[in-house]
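Chemist: Next comes the structure file structure.pdb, holding PDB, C-alpha atoms.
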```
ATOM      1  CA  MET A 166      96.626  73.185  74.932
ATOM      2  CA  PRO A 167      95.725  76.143  77.151
ATOM      3  CA  SER A 168      98.717  77.869  78.754
ATOM      4  CA  PHE A 169      99.848  81.041  80.491
ATOM      5  CA  ASP A 170     103.063  82.598  81.742
ATOM      6  CA  ILE A 171     103.888  83.603  85.305
ATOM      7  CA  VAL A 172     106.082  86.716  85.353
ATOM      8  CA  SER A 173     107.226  89.330  87.829
ATOM      9  CA  GLU A 174     107.495  92.739  86.199
ATOM     10  CA  PHE A 175     106.252  96.304  86.447
ATOM     11  CA  ASP A 176     105.870  99.290  84.159
ATOM     12  CA  LYS A 177     109.095 101.323  84.402
ATOM     13  CA  HIS A 178     107.291 104.476  83.330
ATOM     14  CA  GLU A 179     104.859 104.115  86.240
ATOM     15  CA  GLY A 180     107.861 103.551  88.527
ATOM     16  CA  ALA A 181     109.408 106.835  87.361
ATOM     17  CA  ASN A 182     106.071 108.597  87.939
ATOM     18  CA  ALA A 183     105.858 107.146  91.454
ATOM     19  CA  VAL A 184     109.357 108.427  92.287
ATOM     20  CA  ASP A 185     108.473 111.903  90.949
ATOM     21  CA  GLN A 186     105.293 111.970  93.024
ATOM     22  CA  ALA A 187     107.208 110.856  96.115
ATOM     23  CA  ASN A 188     109.732 113.686  95.552
ATOM     24  CA  ARG A 189     106.935 116.234  95.324
ATOM     25  CA  GLU A 190     105.231 114.883  98.433
ATOM     26  CA  VAL A 191     108.425 114.992 100.509
ATOM     27  CA  GLN A 192     109.114 118.582  99.414
ATOM     28  CA  ALA A 193     105.580 119.627 100.378
ATOM     29  CA  ARG A 194     105.406 117.886 103.756
ATOM     30  CA  PHE A 195     105.708 120.025 106.871
ATOM     31  CA  ASP A 196     108.013 117.600 108.715
ATOM     32  CA  PHE A 197     110.523 117.807 105.819
ATOM     33  CA  LYS A 198     110.702 121.652 105.670
ATOM     34  CA  GLY A 199     114.309 122.815 105.629
ATOM     35  CA  VAL A 200     115.609 119.254 105.104
ATOM     36  CA  ASN A 201     117.572 118.141 102.058
ATOM     37  CA  ALA A 202     115.627 114.972 101.301
ATOM     38  CA  SER A 203     115.250 113.547  97.815
ATOM     39  CA  PHE A 204     114.603 110.465  95.702
ATOM     40  CA  ALA A 205     116.653 109.701  92.581
ATOM     41  CA  LEU A 206     115.795 106.975  90.082
ATOM     42  CA  GLU A 207     118.823 105.358  88.424
ATOM     43  CA  GLY A 208     117.813 102.442  86.218
ATOM     44  CA  ASP A 209     116.000  99.951  88.459
ATOM     45  CA  LYS A 210     117.325 101.494  91.686
ATOM     46  CA  VAL A 211     115.953 104.352  93.736
ATOM     47  CA  GLN A 212     118.405 106.349  95.853
ATOM     48  CA  LEU A 213     116.949 107.916  99.012
ATOM     49  CA  GLU A 214     118.933 110.720 100.611
ATOM     50  CA  ALA A 215     118.124 112.615 103.809
ATOM     51  CA  ASP A 216     119.789 114.204 106.799
ATOM     52  CA  VAL A 217     119.077 111.471 109.367
ATOM     53  CA  ASP A 218     118.038 107.821 109.520
ATOM     54  CA  PHE A 219     114.452 108.215 110.745
ATOM     55  CA  GLN A 220     113.689 110.482 107.773
ATOM     56  CA  LEU A 221     114.766 107.658 105.463
ATOM     57  CA  LYS A 222     112.159 105.424 107.093
ATOM     58  CA  GLN A 223     109.473 108.042 106.510
ATOM     59  CA  MET A 224     110.619 108.464 102.917
ATOM     60  CA  LEU A 225     110.465 104.708 102.414
ATOM     61  CA  ASP A 226     106.825 104.728 103.529
ATOM     62  CA  VAL A 227     106.079 107.585 101.101
ATOM     63  CA  LEU A 228     107.753 105.690  98.228
ATOM     64  CA  ARG A 229     105.855 102.496  99.064
ATOM     65  CA  ALA A 230     102.543 104.391  99.098
ATOM     66  CA  ARG A 231     103.279 106.086  95.764
ATOM     67  CA  LEU A 232     104.251 102.771  94.134
ATOM     68  CA  ILE A 233     101.032 101.145  95.318
ATOM     69  CA  ALA A 234      98.994 104.115  94.109
ATOM     70  CA  ARG A 235     100.556 103.740  90.643
ATOM     71  CA  GLY A 236      99.652 100.035  90.489
ATOM     72  CA  ILE A 237     103.082  98.592  91.268
ATOM     73  CA  ASP A 238     103.249  95.773  93.795
ATOM     74  CA  ALA A 239     105.280  96.914  96.815
ATOM     75  CA  ARG A 240     106.797  93.432  97.145
ATOM     76  CA  CYS A 241     109.092  94.273  94.208
ATOM     77  CA  MET A 242     111.042  96.609  96.516
ATOM     78  CA  ASP A 243     114.369  95.207  97.740
ATOM     79  CA  VAL A 244     115.377  97.615 100.511
ATOM     80  CA  GLN A 245     119.094  97.780 101.302
ATOM     81  CA  ASP A 246     120.546  98.807 104.655
ATOM     82  CA  PRO A 247     120.984 102.559 105.131
ATOM     83  CA  MET A 248     124.471 104.029 104.808
ATOM     84  CA  LEU A 249     125.020 106.643 107.498
ATOM     85  CA  SER A 250     127.757 109.229 107.323
ATOM     86  CA  GLY A 251     128.276 112.251 109.519
ATOM     87  CA  VAL A 252     126.148 114.623 107.458
ATOM     88  CA  LYS A 253     123.935 112.485 105.206
ATOM     89  CA  ALA A 254     122.017 109.260 105.334
ATOM     90  CA  ARG A 255     121.548 107.293 102.120
ATOM     91  CA  GLN A 256     119.569 104.205 101.291
ATOM     92  CA  GLU A 257     119.123 102.241  98.106
ATOM     93  CA  VAL A 258     115.942 100.466  97.027
ATOM     94  CA  ALA A 259     116.192  98.051  94.112
ATOM     95  CA  LEU A 260     113.003  97.502  92.134
ATOM     96  CA  LYS A 261     113.160  93.801  91.257
ATOM     97  CA  GLN A 262     111.920  92.667  87.894
ATOM     98  CA  GLY A 263     111.835  89.078  86.648
ATOM     99  CA  LEU A 264     111.926  85.785  88.502
ATOM    100  CA  ASP A 265     115.373  84.538  89.398
ATOM    101  CA  ALA A 266     116.114  80.807  89.304
ATOM    102  CA  ALA A 267     115.395  80.161  92.997
ATOM    103  CA  GLU A 268     112.048  81.976  92.908
ATOM    104  CA  ALA A 269     111.022  80.181  89.708
ATOM    105  CA  LYS A 270     111.897  76.815  91.268
ATOM    106  CA  GLU A 271     109.803  77.717  94.315
ATOM    107  CA  VAL A 272     106.804  78.521  92.089
ATOM    108  CA  VAL A 273     107.186  75.266  90.118
ATOM    109  CA  LYS A 274     107.554  73.269  93.344
ATOM    110  CA  LEU A 275     104.379  74.845  94.748
ATOM    111  CA  ILE A 276     102.437  74.060  91.562
ATOM    112  CA  LYS A 277     103.616  70.440  91.524
ATOM    113  CA  ALA A 278     102.775  70.023  95.223
ATOM    114  CA  SER A 279      99.188  71.099  94.500
ATOM    115  CA  LYS A 280      98.634  67.868  92.482
ATOM    116  CA  LEU A 281      96.765  69.767  89.737
ATOM    117  CA  LYS A 282      96.932  68.265  86.257
ATOM    118  CA  VAL A 283      99.215  70.919  84.806
ATOM    119  CA  GLN A 284     102.848  71.129  83.737
ATOM    120  CA  ALA A 285     105.092  73.982  84.801
ATOM    121  CA  GLN A 286     108.422  74.734  83.170
ATOM    122  CA  ILE A 287     110.958  77.491  83.695
ATOM    123  CA  GLN A 288     111.705  79.597  80.617
ATOM    124  CA  GLY A 289     114.267  82.258  81.453
ATOM    125  CA  GLU A 290     112.674  84.791  83.817
ATOM    126  CA  LYS A 291     109.174  83.344  83.546
ATOM    127  CA  VAL A 292     107.347  80.101  84.242
ATOM    128  CA  ARG A 293     105.039  78.633  81.595
ATOM    129  CA  VAL A 294     102.102  76.580  82.847
ATOM    130  CA  THR A 295     100.191  74.308  80.455
ATOM    131  CA  GLY A 296      97.230  72.024  81.051
ATOM    132  CA  LYS A 297      94.341  70.352  79.286
ATOM    133  CA  LYS A 298      91.610  72.295  81.070
ATOM    134  CA  ARG A 299      91.211  76.004  81.492
ATOM    135  CA  ASP A 300      89.801  75.398  84.983
ATOM    136  CA  ASP A 301      93.063  73.772  86.090
ATOM    137  CA  LEU A 302      95.005  76.838  84.937
ATOM    138  CA  GLN A 303      92.635  79.122  86.805
ATOM    139  CA  ALA A 304      93.099  76.943  89.901
ATOM    140  CA  VAL A 305      96.879  77.478  89.617
ATOM    141  CA  MET A 306      96.334  81.247  89.438
ATOM    142  CA  ALA A 307      94.102  81.120  92.513
ATOM    143  CA  LEU A 308      96.691  79.006  94.351
ATOM    144  CA  LEU A 309      99.506  81.473  93.629
ATOM    145  CA  ARG A 310      97.377  84.484  94.612
ATOM    146  CA  GLY A 311      96.183  82.840  97.831
ATOM    147  CA  GLU A 312      97.659  82.612 101.294
ATOM    148  CA  GLU A 313      99.761  79.535 100.444
ATOM    149  CA  GLY A 314     101.294  81.302  97.438
ATOM    150  CA  PRO A 315     104.811  82.735  97.402
ATOM    151  CA  ASP A 316     105.478  86.224  98.718
ATOM    152  CA  LEU A 317     106.377  87.503  95.254
ATOM    153  CA  PRO A 318     104.845  90.141  92.985
ATOM    154  CA  LEU A 319     103.439  87.813  90.313
ATOM    155  CA  GLN A 320     101.470  88.612  87.173
ATOM    156  CA  PHE A 321      99.890  86.223  84.706
ATOM    157  CA  ASP A 322     100.517  86.938  81.021
ATOM    158  CA  ASN A 323      99.947  85.384  77.649
ATOM    159  CA  PHE A 324      96.859  83.317  78.507
ATOM    160  CA  ARG A 325      96.157  81.060  75.513
ATOM    161  CA  ASP A 326      93.065  78.951  75.214
TER     162      ASP A 326
END
```
Represent the supplied structure as structure tokens.
Modeler:
Amino acid sequence: MPSFDIVSEFDKHEGANAVDQANREVQARFDFKGVNASFALEGDKVQLEADVDFQLKQMLDVLRARLIARGIDARCMDVQDPMLSGVKARQEVALKQGLDAAEAKEVVKLIKASKLKVQAQIQGEKVRVTGKKRDDLQAVMALLRGEEGPDLPLQFDNFRD
């Protein structure tokens, strides 16, 4: 039976490259001259540090643009609230990877509501979809990519015919 897996992941190496590019861009920008602003990648989290809050917002836009340029879906960013102290402003951005249980249930519920002749089952951090026809599987992919689909960074792996 034809099948494929629905996953939510990104290339960590490309993520590290995006953070390095964002660091270089912030250091070269005129509006950041004389400001101690930097990005630091620690595992799946990116630490943003600047002097004031509005610079963090600008840095967040730079990071988002660099991630998109490196082929990483910007919806994987989980932006935390900024932590403001007297001298520094810090913000943490978690780069989410994998579908948690609630997101996987939402995907399965959406597939079942579409009334397509496919079966969807949760397997850890991915959802496996099987069906008799390849066209039905492609219809599921189109459904999840479309406007009615979830607001998640989804990829489709392991397509078997």
Chemist: With the file shown as input, list the residues that the PyMOL selection byres ((chain A and resi 231) around 12) selects, as a VMD selection string.
Modeler: chain A and resid 179 to 191 224 to 230 232 to 239
Chemist: At a cut-off of 6 Å around the point (108.6, 84.9, 99.0) (file coordinates), what residues fall inside when counting all atoms listed in the file? I'd like the answer as a ChimeraX atom specification.
Modeler: /A:315-317
Chemist: Can you tell me how far CA of Lys198 in chain A sits from CA of Leu249 in chain A, in Å to one decimal?
Modeler: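 Spanning CA of Lys198 in chain A to CA of Leu249 in chain A is a straight-line distance of 20.8 Å.
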Chemist: Give, as JSON, the centre coordinates and the x, y and z edge lengths in Å to one decimal for an axis-aligned box around all listed atoms of range 235-253 of chain A, padded by 6 Å on each side.
Modeler:
```
{"center_x": 114.0, "center_y": 104.0, "center_z": 100.0, "size_x": 40.6, "size_y": 33.2, "size_z": 31.0}
```
Chemist: What does the PyMOL selection byres ((chain A and resi 245) around 7) select in this file, as a PyMOL selection string?
Modeler: chain A and resi 243-244+246-247+256-258
Chemist: Between A:Val273, A:Val200, A:Met166, A:Ala259, which one has atoms that come closest to Cys241 in chain A, using all atoms listed in the file?
Modeler: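 Distance minimum relative to Cys241 in chain A lands on A:Ala259.
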Chemist: Would you please work out which residue, of A:Arg255, A:Lys270, A:Arg293, A:Arg240, is nearest to Phe169 in chain A when using only C-alpha atoms?
Modeler: A:Arg293
Chemist: Calculated over only C-alpha atoms, which of the candidates A:Thr295, A:Ser279, A:Gln192, A:Gln262 has the smallest distance to Gln320 in chain A?
Modeler: A:Gln262
Chemist: Quote the spacing between CA of Gln286 in chain A and CA of Lys177 in chain A in Å to one decimal place.
Modeler: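 Value for the CA of Gln286 in chain A-CA of Lys177 in chain A distance: 26.6 Å.
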Chemist: Could you write out as a PyMOL selection string the residues that the PyMOL selection byres ((chain A and resi 294) around 12) matches in the shown file?
Modeler: chain A and resi 166-172+269+272-273+276-277+281-288+291-293+295-299+301-306+321-325
Chemist: Measure the distance from CA of Ala254 in chain A to CA of Phe175 in chain A in Å and round it to one decimal.
Modeler: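 Atom-to-atom, CA of Ala254 in chain A to CA of Phe175 in chain A, that is 27.8 Å.
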Chemist: Which neighbours of Glu290 in chain A fall inside 7 Å, counting all atoms listed in the file, when residues of the same chain fewer than 2 positions from it are skipped, and could you give them as a VMD selection string?
Modeler: chain A and resid 263 to 265 288
Chemist: Nearest residue to Asn201 in chain A out of A:Ala266, A:Leu221, A:Pro318, A:Glu174, using only C-alpha atoms?
Modeler: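 Distance minimum relative to Asn201 in chain A lands on A:Leu221.
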Chemist: Name the closest residue to Leu206 in chain A among the candidates A:Leu260, A:Ser173, A:Met242, A:Ala193; distances are taken between atoms, counting all atoms listed in the file.
Modeler: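 Residue with the minimum atom-to-atom distance to Leu206 in chain A: A:Leu260.
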